[in-house]
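Visitor: Input target-v7.cif, format and content: mmCIF, C-alpha atoms and all ligand atoms.
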data_entry
#
loop_
_atom_site.label_atom_id
_atom_site.label_comp_id
_atom_site.auth_asym_id
_atom_site.auth_seq_id
_atom_site.Cartn_x
_atom_site.Cartn_y
_atom_site.Cartn_z
CA MET A 274 0.77 38.76 18.24
CA ASN A 275 1.67 38.52 14.59
CA PHE A 276 2.83 34.98 13.90
CA PHE A 277 3.97 35.43 10.35
CA ASP A 278 5.57 38.85 10.12
CA THR A 279 9.14 37.58 10.05
CA ILE A 280 8.52 35.20 7.16
CA ASP A 281 10.79 35.86 4.17
CA MET A 282 9.56 35.80 0.61
CA ALA A 283 10.73 32.49 -0.92
CA PRO A 284 12.28 32.67 -4.39
CA PRO A 285 10.07 31.33 -7.21
CA ASP A 286 10.63 27.67 -8.14
CA PRO A 287 13.30 27.47 -10.88
CA ILE A 288 10.97 25.48 -13.15
CA LEU A 289 7.34 25.97 -12.00
CA GLY A 290 7.99 29.66 -11.33
CA LEU A 291 9.06 30.15 -14.94
CA ASN A 292 5.95 28.43 -16.18
CA THR A 293 3.83 30.90 -14.22
CA ALA A 294 5.88 33.86 -15.50
CA PHE A 295 5.42 32.54 -19.04
CA LYS A 296 1.64 32.38 -18.65
CA GLU A 297 1.59 35.97 -17.41
CA ASP A 298 3.81 37.30 -20.22
CA PRO A 299 1.58 39.33 -22.58
CA ARG A 300 3.96 39.11 -25.58
CA SER A 301 2.35 37.18 -28.44
CA ASN A 302 5.62 35.74 -29.76
CA LYS A 303 6.46 34.05 -26.45
CA VAL A 304 7.93 30.53 -26.44
CA ASN A 305 7.84 28.17 -23.45
CA LEU A 306 10.88 25.91 -23.30
CA SER A 307 10.84 25.75 -19.50
CA ILE A 308 8.75 22.99 -17.88
CA GLY A 309 9.10 19.45 -19.24
CA ALA A 310 5.69 19.08 -20.84
CA TYR A 311 5.01 17.78 -24.34
CA LYS A 312 3.38 19.99 -26.97
CA THR A 313 2.17 19.08 -30.46
CA ASP A 314 3.43 20.61 -33.70
CA ASP A 315 0.66 23.17 -33.14
CA LEU A 316 2.11 23.88 -29.69
CA GLN A 317 -0.97 22.46 -27.99
CA PRO A 318 -1.03 20.09 -24.99
CA LEU A 319 -1.69 16.50 -26.02
CA VAL A 320 -4.20 14.15 -24.38
CA LEU A 321 -3.47 10.70 -25.77
CA THR A 322 -6.27 8.86 -27.58
CA ALA A 323 -5.54 5.73 -25.52
CA VAL A 324 -6.11 7.83 -22.39
CA ARG A 325 -9.39 9.28 -23.71
CA LYS A 326 -10.64 5.81 -24.58
CA ALA A 327 -9.67 4.45 -21.16
CA GLU A 328 -11.53 7.35 -19.53
CA GLN A 329 -14.67 6.57 -21.56
CA GLN A 330 -14.41 2.96 -20.48
CA ILE A 331 -14.04 3.98 -16.82
CA LEU A 332 -16.99 6.36 -17.07
CA SER A 333 -19.21 3.76 -18.70
CA GLN A 334 -18.49 1.30 -15.89
CA GLY A 335 -19.92 3.71 -13.29
CA MET A 336 -17.09 3.03 -10.84
CA ASP A 337 -17.22 4.10 -7.18
CA LYS A 338 -15.09 6.80 -5.61
CA GLU A 339 -14.10 4.98 -2.41
CA TYR A 340 -10.72 5.42 -0.74
CA LEU A 341 -7.77 3.44 -2.01
CA SER A 342 -5.47 1.81 0.52
CA GLN A 343 -2.24 3.66 1.31
CA ASP A 344 -0.34 1.83 -1.43
CA GLY A 345 -2.98 2.53 -4.05
CA ASN A 346 -4.75 0.60 -6.77
CA PRO A 347 -3.37 -2.99 -6.78
CA GLU A 348 -3.98 -3.57 -10.47
CA TYR A 349 -2.15 -0.38 -11.32
CA VAL A 350 0.74 -1.25 -9.00
CA ASN A 351 1.16 -4.76 -10.41
CA ARG A 352 1.12 -3.52 -13.99
CA SER A 353 3.58 -0.75 -13.10
CA ILE A 354 5.97 -3.25 -11.58
CA LYS A 355 5.91 -5.21 -14.85
CA LEU A 356 6.47 -2.09 -16.91
CA VAL A 357 9.39 -0.89 -14.81
CA PHE A 358 11.09 -4.15 -13.81
CA GLY A 359 9.95 -6.46 -16.62
CA ALA A 360 8.14 -8.87 -14.26
CA GLU A 361 6.63 -9.07 -10.80
CA GLN A 362 8.80 -10.56 -8.05
CA ASP A 363 8.11 -11.46 -4.42
CA ASN A 364 10.87 -9.20 -3.20
CA ILE A 365 9.52 -6.07 -4.94
CA PHE A 366 7.10 -3.85 -3.07
CA GLY A 367 5.32 -1.13 -5.04
CA ALA A 368 3.08 1.75 -3.99
CA GLN A 369 1.13 4.16 -6.15
CA ALA A 370 2.26 7.75 -5.52
CA PRO A 371 0.79 11.12 -6.48
CA GLY A 372 3.33 11.75 -9.25
CA GLY A 373 7.02 11.01 -9.67
CA THR A 374 7.93 13.80 -7.24
CA ALA A 375 5.93 12.07 -4.50
CA GLY A 376 7.69 8.81 -5.43
CA VAL A 377 11.05 10.53 -4.86
CA ARG A 378 9.74 12.08 -1.65
CA LEU A 379 8.65 8.64 -0.37
CA ALA A 380 12.12 7.37 -1.20
CA ALA A 381 13.62 10.27 0.77
CA GLU A 382 11.43 9.68 3.82
CA PHE A 383 12.05 5.95 3.72
CA LEU A 384 15.81 6.58 3.52
CA ALA A 385 15.60 8.95 6.49
CA GLN A 386 13.71 6.27 8.42
CA ILE A 387 16.39 3.65 7.75
CA GLY A 388 19.05 6.04 9.01
CA SER A 389 20.44 7.74 5.89
CA SER A 390 21.49 11.33 6.41
CA VAL A 391 23.24 11.86 3.07
CA ILE A 392 22.41 10.97 -0.54
CA TYR A 393 24.71 11.40 -3.53
CA ILE A 394 23.04 13.07 -6.50
CA PRO A 395 24.45 13.79 -9.98
CA ASP A 396 25.95 17.16 -10.82
CA PRO A 397 23.81 18.51 -12.43
CA THR A 398 20.38 17.08 -11.62
CA TRP A 399 16.70 18.00 -11.66
CA ALA A 400 16.26 21.33 -9.87
CA ASN A 401 13.85 19.82 -7.33
CA HIS A 402 15.92 16.84 -6.14
CA ASN A 403 17.96 18.76 -3.63
CA GLN A 404 15.01 20.19 -1.73
CA VAL A 405 12.96 16.99 -1.84
CA PHE A 406 15.77 15.20 -0.03
CA ALA A 407 16.58 18.19 2.20
CA ARG A 408 12.98 18.43 3.40
CA ALA A 409 13.15 14.80 4.45
CA GLY A 410 16.35 15.54 6.38
CA LEU A 411 18.94 14.23 3.89
CA LYS A 412 21.93 16.26 2.82
CA ALA A 413 22.61 16.00 -0.90
CA GLU A 414 26.23 15.61 -1.95
CA LEU A 415 27.17 15.80 -5.61
CA TYR A 416 28.96 13.27 -7.80
CA PRO A 417 30.34 14.27 -11.22
CA TYR A 418 28.07 13.41 -14.15
CA TYR A 419 28.72 15.99 -16.84
CA ASP A 420 31.96 17.02 -18.52
CA ALA A 421 31.16 20.63 -19.40
CA GLU A 422 34.19 21.07 -21.62
CA ARG A 423 33.43 18.07 -23.81
CA ARG A 424 29.67 18.37 -23.27
CA GLU A 425 29.49 14.67 -22.50
CA PHE A 426 28.49 12.29 -19.75
CA THR A 427 31.61 11.47 -17.75
CA LYS A 428 31.57 7.78 -16.96
CA SER A 429 35.12 7.81 -15.64
CA GLY A 430 34.35 10.80 -13.39
CA MET A 431 31.26 9.09 -12.04
CA VAL A 432 32.82 5.66 -11.47
CA GLU A 433 35.91 7.19 -9.84
CA ALA A 434 33.72 9.25 -7.49
CA ILE A 435 31.63 6.19 -6.54
CA LYS A 436 34.77 4.53 -5.24
CA SER A 437 35.10 7.11 -2.47
CA ILE A 438 31.45 7.30 -1.39
CA PRO A 439 31.11 5.75 2.09
CA SER A 440 29.59 2.26 2.08
CA GLY A 441 25.87 2.17 2.93
CA THR A 442 25.13 5.55 1.30
CA PRO A 443 22.23 5.97 -1.14
CA ILE A 444 23.06 7.23 -4.64
CA LEU A 445 20.52 8.80 -6.96
CA LEU A 446 20.53 7.68 -10.61
CA HIS A 447 18.39 8.88 -13.52
CA ALA A 448 17.18 5.66 -15.16
CA CYS A 449 17.02 7.30 -18.61
CA CYS A 450 16.78 10.69 -20.32
CA HIS A 451 18.89 12.40 -17.71
CA ASN A 452 17.32 15.66 -16.58
CA PRO A 453 18.75 18.22 -17.41
CA THR A 454 21.61 17.03 -19.65
CA GLY A 455 19.79 14.54 -21.90
CA LEU A 456 22.95 12.40 -21.71
CA ASP A 457 22.68 8.80 -20.56
CA PRO A 458 25.22 6.07 -19.83
CA THR A 459 25.28 3.32 -22.50
CA PRO A 460 24.14 -0.19 -21.48
CA ALA A 461 27.85 -1.12 -21.13
CA ASP A 462 28.41 1.97 -18.93
CA TRP A 463 25.47 0.93 -16.73
CA LYS A 464 27.09 -2.47 -16.20
CA GLU A 465 30.25 -0.80 -15.02
CA ILE A 466 28.32 1.61 -12.81
CA SER A 467 26.34 -1.27 -11.32
CA THR A 468 29.53 -3.17 -10.50
CA ALA A 469 31.11 -0.08 -8.91
CA ILE A 470 27.99 0.60 -6.82
CA LYS A 471 27.81 -3.03 -5.75
CA SER A 472 31.41 -3.29 -4.68
CA GLN A 473 31.12 -0.01 -2.77
CA GLU A 474 27.89 -1.30 -1.15
CA LEU A 475 25.83 1.76 -2.03
CA LEU A 476 22.03 1.79 -2.26
CA PRO A 477 20.82 2.74 -5.77
CA VAL A 478 17.82 5.10 -5.90
CA PHE A 479 16.44 5.41 -9.42
CA ASP A 480 14.36 8.34 -10.61
CA PHE A 481 12.52 7.02 -13.66
CA ALA A 482 10.39 9.85 -15.03
CA TYR A 483 10.83 9.46 -18.79
CA GLN A 484 10.32 5.79 -19.65
CA GLY A 485 9.68 5.60 -23.40
CA PHE A 486 11.07 9.04 -24.20
CA GLY A 487 14.63 7.84 -24.86
CA ARG A 488 14.84 4.77 -27.05
CA GLY A 489 11.71 2.80 -26.15
CA ILE A 490 9.71 1.43 -23.22
CA ASP A 491 11.88 -1.64 -22.58
CA GLU A 492 15.14 -0.10 -23.82
CA ASP A 493 14.76 2.78 -21.34
CA ALA A 494 14.37 0.27 -18.50
CA THR A 495 17.81 -1.22 -19.24
CA ALA A 496 19.50 0.30 -16.22
CA VAL A 497 16.82 -0.62 -13.69
CA ARG A 498 16.52 -4.17 -15.04
CA HIS A 499 20.27 -4.62 -15.18
CA PHE A 500 20.60 -3.53 -11.54
CA LEU A 501 17.79 -5.94 -10.66
CA ALA A 502 19.57 -8.80 -12.42
CA ASP A 503 22.78 -7.83 -10.61
CA GLY A 504 21.01 -8.47 -7.30
CA HIS A 505 20.94 -4.90 -5.95
CA GLN A 506 18.56 -3.87 -3.24
CA MET A 507 17.21 -0.56 -4.49
CA LEU A 508 14.55 2.11 -4.53
CA VAL A 509 12.78 3.35 -7.67
CA ALA A 510 10.42 6.28 -8.23
CA ASN A 511 8.54 6.44 -11.51
CA SER A 512 6.19 8.85 -13.22
CA TYR A 513 3.45 8.64 -15.83
CA SER A 514 3.25 12.40 -16.29
CA LYS A 515 5.24 12.38 -19.50
CA ASN A 516 4.76 8.97 -21.12
CA PHE A 517 0.98 9.01 -20.60
CA GLY A 518 0.69 12.81 -20.74
CA LEU A 519 -1.06 12.67 -17.34
CA TYR A 520 0.77 15.68 -15.87
CA GLY A 521 -2.07 17.07 -13.79
CA GLU A 522 -3.43 13.71 -12.64
CA ARG A 523 -0.35 13.20 -10.45
CA ILE A 524 0.31 9.55 -11.05
CA GLY A 525 3.53 7.71 -10.37
CA GLY A 526 4.97 5.12 -8.04
CA PHE A 527 7.52 4.15 -5.44
CA TYR A 528 9.13 0.70 -5.43
CA VAL A 529 11.50 -1.08 -3.11
CA VAL A 530 13.53 -4.10 -4.15
CA ALA A 531 14.39 -5.97 -0.94
CA SER A 532 16.54 -9.06 -0.58
CA ASP A 533 13.52 -11.32 -0.10
CA GLY A 534 9.73 -11.35 0.07
CA GLU A 535 9.51 -11.40 3.85
CA ILE A 536 11.66 -8.25 4.11
CA ALA A 537 9.61 -6.64 1.35
CA GLU A 538 6.49 -7.21 3.51
CA ARG A 539 8.11 -5.41 6.43
CA VAL A 540 9.25 -2.59 4.14
CA LYS A 541 5.67 -2.35 2.89
CA SER A 542 4.30 -1.97 6.42
CA GLN A 543 6.64 0.98 7.05
CA VAL A 544 6.01 2.70 3.71
CA MET A 545 2.26 2.38 4.38
CA ARG A 546 2.77 4.39 7.59
CA ILE A 547 4.82 7.06 5.80
CA ILE A 548 2.06 7.44 3.20
CA ARG A 549 -0.70 7.52 5.83
CA ALA A 550 1.05 10.35 7.65
CA ASN A 551 1.58 12.35 4.44
CA TYR A 552 -1.50 12.13 2.23
CA SER A 553 -3.29 9.07 3.62
CA ASN A 554 -3.80 7.40 0.25
CA PRO A 555 -3.32 8.40 -3.40
CA PRO A 556 -5.91 9.71 -5.89
CA LEU A 557 -7.88 7.22 -7.99
CA HIS A 558 -8.33 8.51 -11.50
CA GLY A 559 -4.84 8.32 -13.02
CA SER A 560 -4.31 4.80 -11.70
CA ARG A 561 -7.54 3.62 -13.31
CA ILE A 562 -6.53 5.11 -16.66
CA ILE A 563 -3.14 3.42 -16.63
CA ALA A 564 -4.49 0.09 -15.41
CA ALA A 565 -7.14 0.16 -18.17
CA VAL A 566 -4.61 0.97 -20.91
CA LEU A 567 -2.09 -1.63 -19.78
CA ALA A 568 -4.80 -4.29 -19.34
CA SER A 569 -6.05 -4.03 -22.93
CA ASP A 570 -3.91 -5.20 -25.86
CA ALA A 571 -5.54 -2.69 -28.18
CA LEU A 572 -5.18 0.30 -25.86
CA ARG A 573 -1.64 -0.66 -24.96
CA GLN A 574 -0.69 -0.82 -28.62
CA GLU A 575 -2.31 2.53 -29.23
CA TRP A 576 -0.44 4.04 -26.27
CA GLU A 577 2.87 2.62 -27.48
CA SER A 578 2.42 4.08 -30.94
CA GLU A 579 1.36 7.47 -29.56
CA LEU A 580 4.43 7.41 -27.32
CA ALA A 581 6.59 6.61 -30.35
CA VAL A 582 5.11 9.60 -32.17
CA MET A 583 6.01 11.89 -29.26
CA ARG A 584 9.52 10.43 -29.08
CA LYS A 585 10.09 10.89 -32.80
CA ARG A 586 8.72 14.41 -32.86
CA ILE A 587 11.08 15.40 -30.05
CA SER A 588 14.14 13.86 -31.67
CA GLY A 589 13.20 15.47 -35.00
CA MET A 590 12.99 18.88 -33.33
CA ARG A 591 16.31 18.36 -31.57
CA LYS A 592 17.95 17.57 -34.89
CA ALA A 593 16.28 20.55 -36.56
CA LEU A 594 17.42 22.84 -33.75
CA ALA A 595 21.05 21.72 -33.93
CA GLU A 596 21.03 21.92 -37.74
CA GLY A 597 19.37 25.33 -37.70
CA LEU A 598 21.89 26.72 -35.21
CA ASN A 599 24.85 25.32 -37.13
CA ALA A 600 23.49 26.49 -40.50
CA GLY A 601 22.70 29.93 -39.05
CA GLY A 602 26.37 30.61 -38.57
CA SER A 603 26.41 30.21 -34.79
CA SER A 604 29.82 30.70 -33.19
CA VAL A 605 29.29 27.43 -31.28
CA ASP A 606 29.10 24.01 -32.96
CA PHE A 607 25.82 22.55 -31.71
CA SER A 608 26.48 19.03 -33.03
CA PHE A 609 26.80 17.90 -29.39
CA MET A 610 22.99 18.03 -29.21
CA TYR A 611 22.77 14.93 -31.43
CA LYS A 612 24.06 12.83 -28.53
CA GLN A 613 21.32 14.00 -26.16
CA ASN A 614 17.99 12.28 -25.83
CA GLY A 615 14.69 12.53 -23.99
CA MET A 616 12.73 15.70 -23.54
CA PHE A 617 15.56 18.06 -22.82
CA SER A 618 18.58 19.56 -24.45
CA TYR A 619 21.33 21.01 -22.32
CA SER A 620 22.17 23.93 -24.53
CA GLY A 621 25.25 25.23 -22.76
CA LEU A 622 23.76 28.74 -22.89
CA SER A 623 25.00 30.98 -20.09
CA LYS A 624 22.71 32.43 -17.42
CA GLU A 625 23.12 35.83 -19.11
CA ALA A 626 22.12 34.43 -22.51
CA VAL A 627 19.09 32.73 -20.94
CA GLY A 628 18.14 36.05 -19.30
CA ARG A 629 18.41 37.92 -22.60
CA LEU A 630 16.31 35.28 -24.37
CA ARG A 631 13.57 35.88 -21.86
CA ASP A 632 13.82 39.68 -21.68
CA GLU A 633 14.39 40.44 -25.35
CA PHE A 634 12.71 37.51 -27.12
CA ALA A 635 10.11 36.14 -24.63
CA ILE A 636 11.76 32.71 -24.81
CA TYR A 637 11.63 30.93 -21.45
CA MET A 638 14.01 28.26 -20.19
CA PRO A 639 15.58 27.52 -16.78
CA ALA A 640 18.74 29.45 -15.86
CA ASN A 641 20.91 26.34 -16.37
CA GLY A 642 20.23 26.49 -20.13
CA ARG A 643 18.08 23.34 -20.19
CA LEU A 644 15.65 23.63 -23.03
CA ASN A 645 12.46 21.61 -23.38
CA VAL A 646 12.75 20.29 -26.94
CA ALA A 647 9.11 19.18 -26.80
CA GLY A 648 8.16 22.88 -26.68
CA LEU A 649 9.70 23.47 -30.12
CA SER A 650 7.76 23.09 -33.34
CA PRO A 651 8.04 24.18 -36.97
CA LYS A 652 5.99 27.19 -35.82
CA ASN A 653 8.64 28.62 -33.49
CA LEU A 654 11.88 26.89 -34.51
CA ASP A 655 13.23 29.63 -36.81
CA TYR A 656 12.44 32.30 -34.25
CA VAL A 657 14.21 30.34 -31.48
CA VAL A 658 17.23 29.64 -33.69
CA GLU A 659 17.60 33.32 -34.62
CA ALA A 660 17.20 34.42 -31.02
CA ILE A 661 19.80 31.95 -29.71
CA ILE A 662 22.28 33.05 -32.37
CA ALA A 663 21.62 36.67 -31.44
CA VAL A 664 22.42 36.16 -27.76
CA LEU A 665 25.47 33.93 -28.18
C1 LIG B 701 10.72 19.28 -15.35
O1 LIG B 701 11.85 18.96 -14.96
O2 LIG B 701 10.49 20.29 -16.04
C2 LIG B 701 9.56 18.40 -15.00
O3 LIG B 701 10.00 17.27 -14.32
C3 LIG B 701 8.47 19.10 -14.29
C4 LIG B 701 8.82 19.46 -12.89
O4 LIG B 701 8.05 19.09 -12.00
O5 LIG B 701 9.84 20.10 -12.65
#
For this file, produce the structure as structure tokens.
Guide:
Amino acid sequence: MNFFDTIDMAPPDPILGLNTAFKEDPRSNKVNLSIGAYKTDDLQPLVLTAVRKAEQQILSQGMDKEYLSQDGNPEYVNRSIKLVFGAEQDNIFGAQAPGGTAGVRLAAEFLAQIGSSVIYIPDPTWANHNQVFARAGLKAELYPYYDAERREFTKSGMVEAIKSIPSGTPILLHACCHNPTGLDPTPADWKEISTAIKSQELLPVFDFAYQGFGRGIDEDATAVRHFLADGHQMLVANSYSKNFGLYGERIGGFYVVASDGEIAERVKSQVMRIIRANYSNPPLHGSRIIAAVLASDALRQEWESELAVMRKRISGMRKALAEGLNAGGSSVDFSFMYKQNGMFSYSGLSKEAVGRLRDEFAIYMPANGRLNVAGLSPKNLDYVVEAIIAVL
């Protein structure tokens, strides 16, 4: 018997698949604006100095390699809770997770366990959200987030839609640096959104993958902390891939804000079982790096300034891109890019234009026209500007 002969070929992943295709492309002028990974002005990956120093410290301490418990390294978890929520609280349970994706996946499985069968996600959203929830048995319904005509976040569209979502339903929110649009609600918008979600009795589920890439570490936590202050029960997934540059270490977290500490304990016991059945317990190394950086005033300061350098380089490249396109006589006014923040720019390029950029110019970006601004540098900017103008 042949067990596998009816298996179909799955399509490549819309983001990771492009990254692989980019690596295999032999053209020397190729430009990777696909996966959200930071590159330096020299288009090299960046390992932060604070991370290197923390690793040396860890190595010199000759630490063991024993198993962690299901919820991970306690020092890491406590420091993460402070970074995300501003302070530790009895009613917040946190677990280390192998990356932000695993944090979202834990959220999905936990939601399935408490009886959710649907989650509302923004239109558009990160290309992986839909299948992460689907694989845990949740159907993803869309709520409006982006006004394509005005190229803006639509607060009115979102708040109006919230009013007709059935009570008890989870709703996914990007805490900052919305992926893919780069457009975030203002602090005042978040207040309104929080009130709407509260009165509709929805369960907020934050995906927080870009803390520090928008306006700053605390500024980017505005939404999560405002929802906390508003007394929401909620779920949060966070990632240190981008803000610590620890992409391949797979380090992130999953947090549940319950109504009190006793409920949080029961939630913890269930999440521990979900983790045990999935990957037993998370990997050590990334959690030790983050705990070491956040525990030391000097390393923390160094990390914060390295993060600020990344943030500024990205916003400088976004500005240069928009200016270059406008100065190059593009038929489209790209000034809308100035409103976007975080790693990505939603360029508005059509699927056809994106295809031509790849085929004719070896410039890679996902089909939705999301462009990783952190993959631009003075070395490739002019080339990218000319190519975009050519395909418009
Ligand atoms: C992205 O959106 O490019 C990143 O979050 C990487 C990923 O896993 O898709």
Visitor: Around ligand LIG 701 (chain B), which protein and nucleic acid residues have at least one atom no more than 6 Å from it, if we count all atoms listed in the file? List them as a short mmCIF file (atom, residue, chain, number, x, y, z; two decimals) with C-alpha atoms, in the frame of the given file.
Guide:
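Output file selection.cif follows:
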data_model
loop_
_atom_site.label_atom_id
_atom_site.label_comp_id
_atom_site.auth_asym_id
_atom_site.auth_seq_id
_atom_site.Cartn_x
_atom_site.Cartn_y
_atom_site.Cartn_z
CA ILE A 288 10.97 25.48 -13.15
CA ILE A 308 8.75 22.99 -17.88
CA GLY A 309 9.10 19.45 -19.24
CA TRP A 399 16.70 18.00 -11.66
#
Visitor: Of the candidates A:Val304, A:Met507, A:Ile387, A:Leu341, which shows the shortest atom-to-atom distance to A:Gly410, using all atoms listed in the file?
Guide: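 The answer is A:Ile387, which sits nearest to A:Gly410.
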Visitor: Just the residues within 12 Å of A:Asn554, please, counting only C-alpha atoms, with nothing from its chain fewer than 4 positions along; format it as a PDB file with C-alpha atoms, in the coordinates of the input.
Guide:
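Result file is part_13.pdb:
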ATOM      1  CA  GLU A 339     -14.100   4.980  -2.410  1.00  0.00           C
ATOM      2  CA  TYR A 340     -10.720   5.420  -0.740  1.00  0.00           C
ATOM      3  CA  LEU A 341      -7.770   3.440  -2.010  1.00  0.00           C
ATOM      4  CA  SER A 342      -5.470   1.810   0.520  1.00  0.00           C
ATOM      5  CA  GLN A 343      -2.240   3.660   1.310  1.00  0.00           C
ATOM      6  CA  ASP A 344      -0.340   1.830  -1.430  1.00  0.00           C
ATOM      7  CA  GLY A 345      -2.980   2.530  -4.050  1.00  0.00           C
ATOM      8  CA  ASN A 346      -4.750   0.600  -6.770  1.00  0.00           C
ATOM      9  CA  ALA A 368       3.080   1.750  -3.990  1.00  0.00           C
ATOM     10  CA  GLN A 369       1.130   4.160  -6.150  1.00  0.00           C
ATOM     11  CA  ALA A 370       2.260   7.750  -5.520  1.00  0.00           C
ATOM     12  CA  PRO A 371       0.790  11.120  -6.480  1.00  0.00           C
ATOM     13  CA  ALA A 375       5.930  12.070  -4.500  1.00  0.00           C
ATOM     14  CA  VAL A 544       6.010   2.700   3.710  1.00  0.00           C
ATOM     15  CA  MET A 545       2.260   2.380   4.380  1.00  0.00           C
ATOM     16  CA  ARG A 546       2.770   4.390   7.590  1.00  0.00           C
ATOM     17  CA  ILE A 547       4.820   7.060   5.800  1.00  0.00           C
ATOM     18  CA  ILE A 548       2.060   7.440   3.200  1.00  0.00           C
ATOM     19  CA  ARG A 549      -0.700   7.520   5.830  1.00  0.00           C
ATOM     20  CA  ALA A 550       1.050  10.350   7.650  1.00  0.00           C
TER      21      ALA A 550
END
Visitor: Figure out the distance between atom CA of A:Pro555 and atom CA of A:Glu535, please, to one decimal in Å.
Guide: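 Separating atom CA of A:Glu535 from atom CA of A:Pro555 is a distance of 24.7 Å.
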Visitor: For stretch 510-512 of chain A, find every residue with an atom within 9 Å (counting only C-alpha atoms), except residues of its own chain fewer than 6 positions away, and show them as a list in words.
Guide: Ser353, Val357, Ala370, Pro371, Gly372, Gly373, Thr374, Ala375, Gly376, Val377, Arg378, Leu379, Ala380, Val478, Phe479, Asp480, Phe481, Ala482, Tyr483, Gln484, Arg523, Ile524, Gly525, Gly526, Phe527 and Tyr528 of chain A
Visitor: What's the 8 Å shell around stretch 454-459 of chain A, counting only C-alpha atoms, without same-chain residues fewer than 5 positions away, as a list in words?
Guide: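 The neighbour list is Pro397, Tyr419, Glu425, Phe426, Lys428, Cys449, Lys612, Gln613, Asn614, Gly615, Met616, Phe617, Ser618, Tyr619 and Arg643 of chain A.
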Visitor: Rank A:Ser650, A:Gly601, A:Thr468, A:Ile562 by their smallest atom-to-atom distance to A:Arg352, using all atoms listed in the file, and report the top residue only.
Guide: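 Looking only at the distances to A:Arg352, the closest residue turns out to be A:Ile562.
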Visitor: From the list A:Arg591, A:Arg584, A:His558, A:His447, which residue is nearest A:Met336 when using only C-alpha atoms?
Guide: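 Result for the nearest residue to A:Met336: A:His558.
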Visitor: Neighbours of A:Met583 within 9 Å (all atoms listed in the file; same-chain residues fewer than 4 positions away dropped), as a PyMOL selection string?
Guide: chain A and resi 311-313+486+516+578-579+587-588+647
Visitor: Mind giving me the straight-line distance from atom CA of A:Pro395 to atom CA of A:Lys436 in Å, one decimal?
Guide: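 Going from atom CA of A:Pro395 over to atom CA of A:Lys436, I get 14.7 Å.
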Visitor: For A:Ala409, which residue out of A:Glu596, A:Leu508, A:Val646, A:Asn551 is the nearest one, using all atoms listed in the file?
Guide: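 Ranking A:Glu596, A:Leu508, A:Val646, A:Asn551 by distance to A:Ala409, first place goes to A:Asn551.
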Visitor: Would you compute the distance between atom CA of A:Val605 and atom CA of A:Phe634? Give it in Å to one decimal.
Guide: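 Taking atom CA of A:Val605 and atom CA of A:Phe634, their separation equals 19.8 Å.
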Visitor: Can you list, as a list in words, every protein, DNA or RNA residue that comes within 12 Å of A:Pro417 when you count all atoms listed in the file, leaving out same-chain residues fewer than 6 positions away?
Guide: Tyr393, Ile394, Pro395, Asp396, Pro397, Thr398, Glu425, Phe426, Thr427, Lys428, Ser429, Gly430, Met431, Val432, Glu433, Ala434, Ile435 and Leu446 of chain A
Visitor: Taking (27.1, -8.9, -13.3) in the coordinates of the supplied file, I want to know which residues reach to within 8 Å of it, counting all atoms listed in the file; could you give the answer as a ChimeraX atom specification?
Guide: /A:464,467-468,502-503
Visitor: Taking only C-alpha atoms into account, name the residue in A:Ile636, A:Gln334, A:Pro556, A:Ile365 that is nearest to A:Leu291.
Guide: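 Under the stated criterion, the closest residue is A:Ile636.
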Visitor: At a cut-off of 9 Å from (1.7, 1.1, -23.1) in the coordinates of the file, what residues are picked up using all atoms listed in the file, written as a list of chain:residue names?
Guide: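 It turns out the residues near that spot are A:Ala323, A:Leu356, A:Ile490, A:Asn516, A:Phe517, A:Ile563, A:Val566, A:Leu567, A:Asp570, A:Leu572, A:Arg573, A:Gln574, A:Glu575, A:Trp576, A:Glu577, A:Ser578, A:Leu580.
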Visitor: Let me make sure I understand: among A:Val627, A:Glu522, A:Ser532, A:Asn645, which one has the smallest atom-to-atom distance to A:Val324 if we use only C-alpha atoms?
Guide: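 Looking only at the distances to A:Val324, the closest residue turns out to be A:Glu522.
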Visitor: Can I get stretch 353-360 of chain A with N, CA and C atoms filled in, as a CSV table (one decimal), keeping the file's coordinate frame?
Guide:
chain,number,residue,atom,x,y,z
A,353,SER,N,2.4,-1.7,-13.1
A,353,SER,CA,3.6,-0.8,-13.1
A,353,SER,C,4.9,-1.5,-12.8
A,354,ILE,N,4.8,-2.5,-11.9
A,354,ILE,CA,6.0,-3.2,-11.6
A,354,ILE,C,6.4,-4.0,-12.8
A,355,LYS,N,5.5,-4.5,-13.6
A,355,LYS,CA,5.9,-5.2,-14.8
A,355,LYS,C,6.5,-4.2,-15.8
A,356,LEU,N,6.0,-3.1,-15.9
A,356,LEU,CA,6.5,-2.1,-16.9
A,356,LEU,C,7.9,-1.6,-16.5
A,357,VAL,N,8.1,-1.4,-15.3
A,357,VAL,CA,9.4,-0.9,-14.8
A,357,VAL,C,10.4,-2.0,-14.7
A,358,PHE,N,10.1,-3.1,-14.1
A,358,PHE,CA,11.1,-4.2,-13.8
A,358,PHE,C,11.1,-5.3,-14.8
A,359,GLY,N,10.0,-5.4,-15.6
A,359,GLY,CA,10.0,-6.5,-16.6
A,359,GLY,C,9.1,-7.6,-16.1
A,360,ALA,N,9.0,-7.8,-14.8
A,360,ALA,CA,8.1,-8.9,-14.3
A,360,ALA,C,7.9,-8.6,-12.8
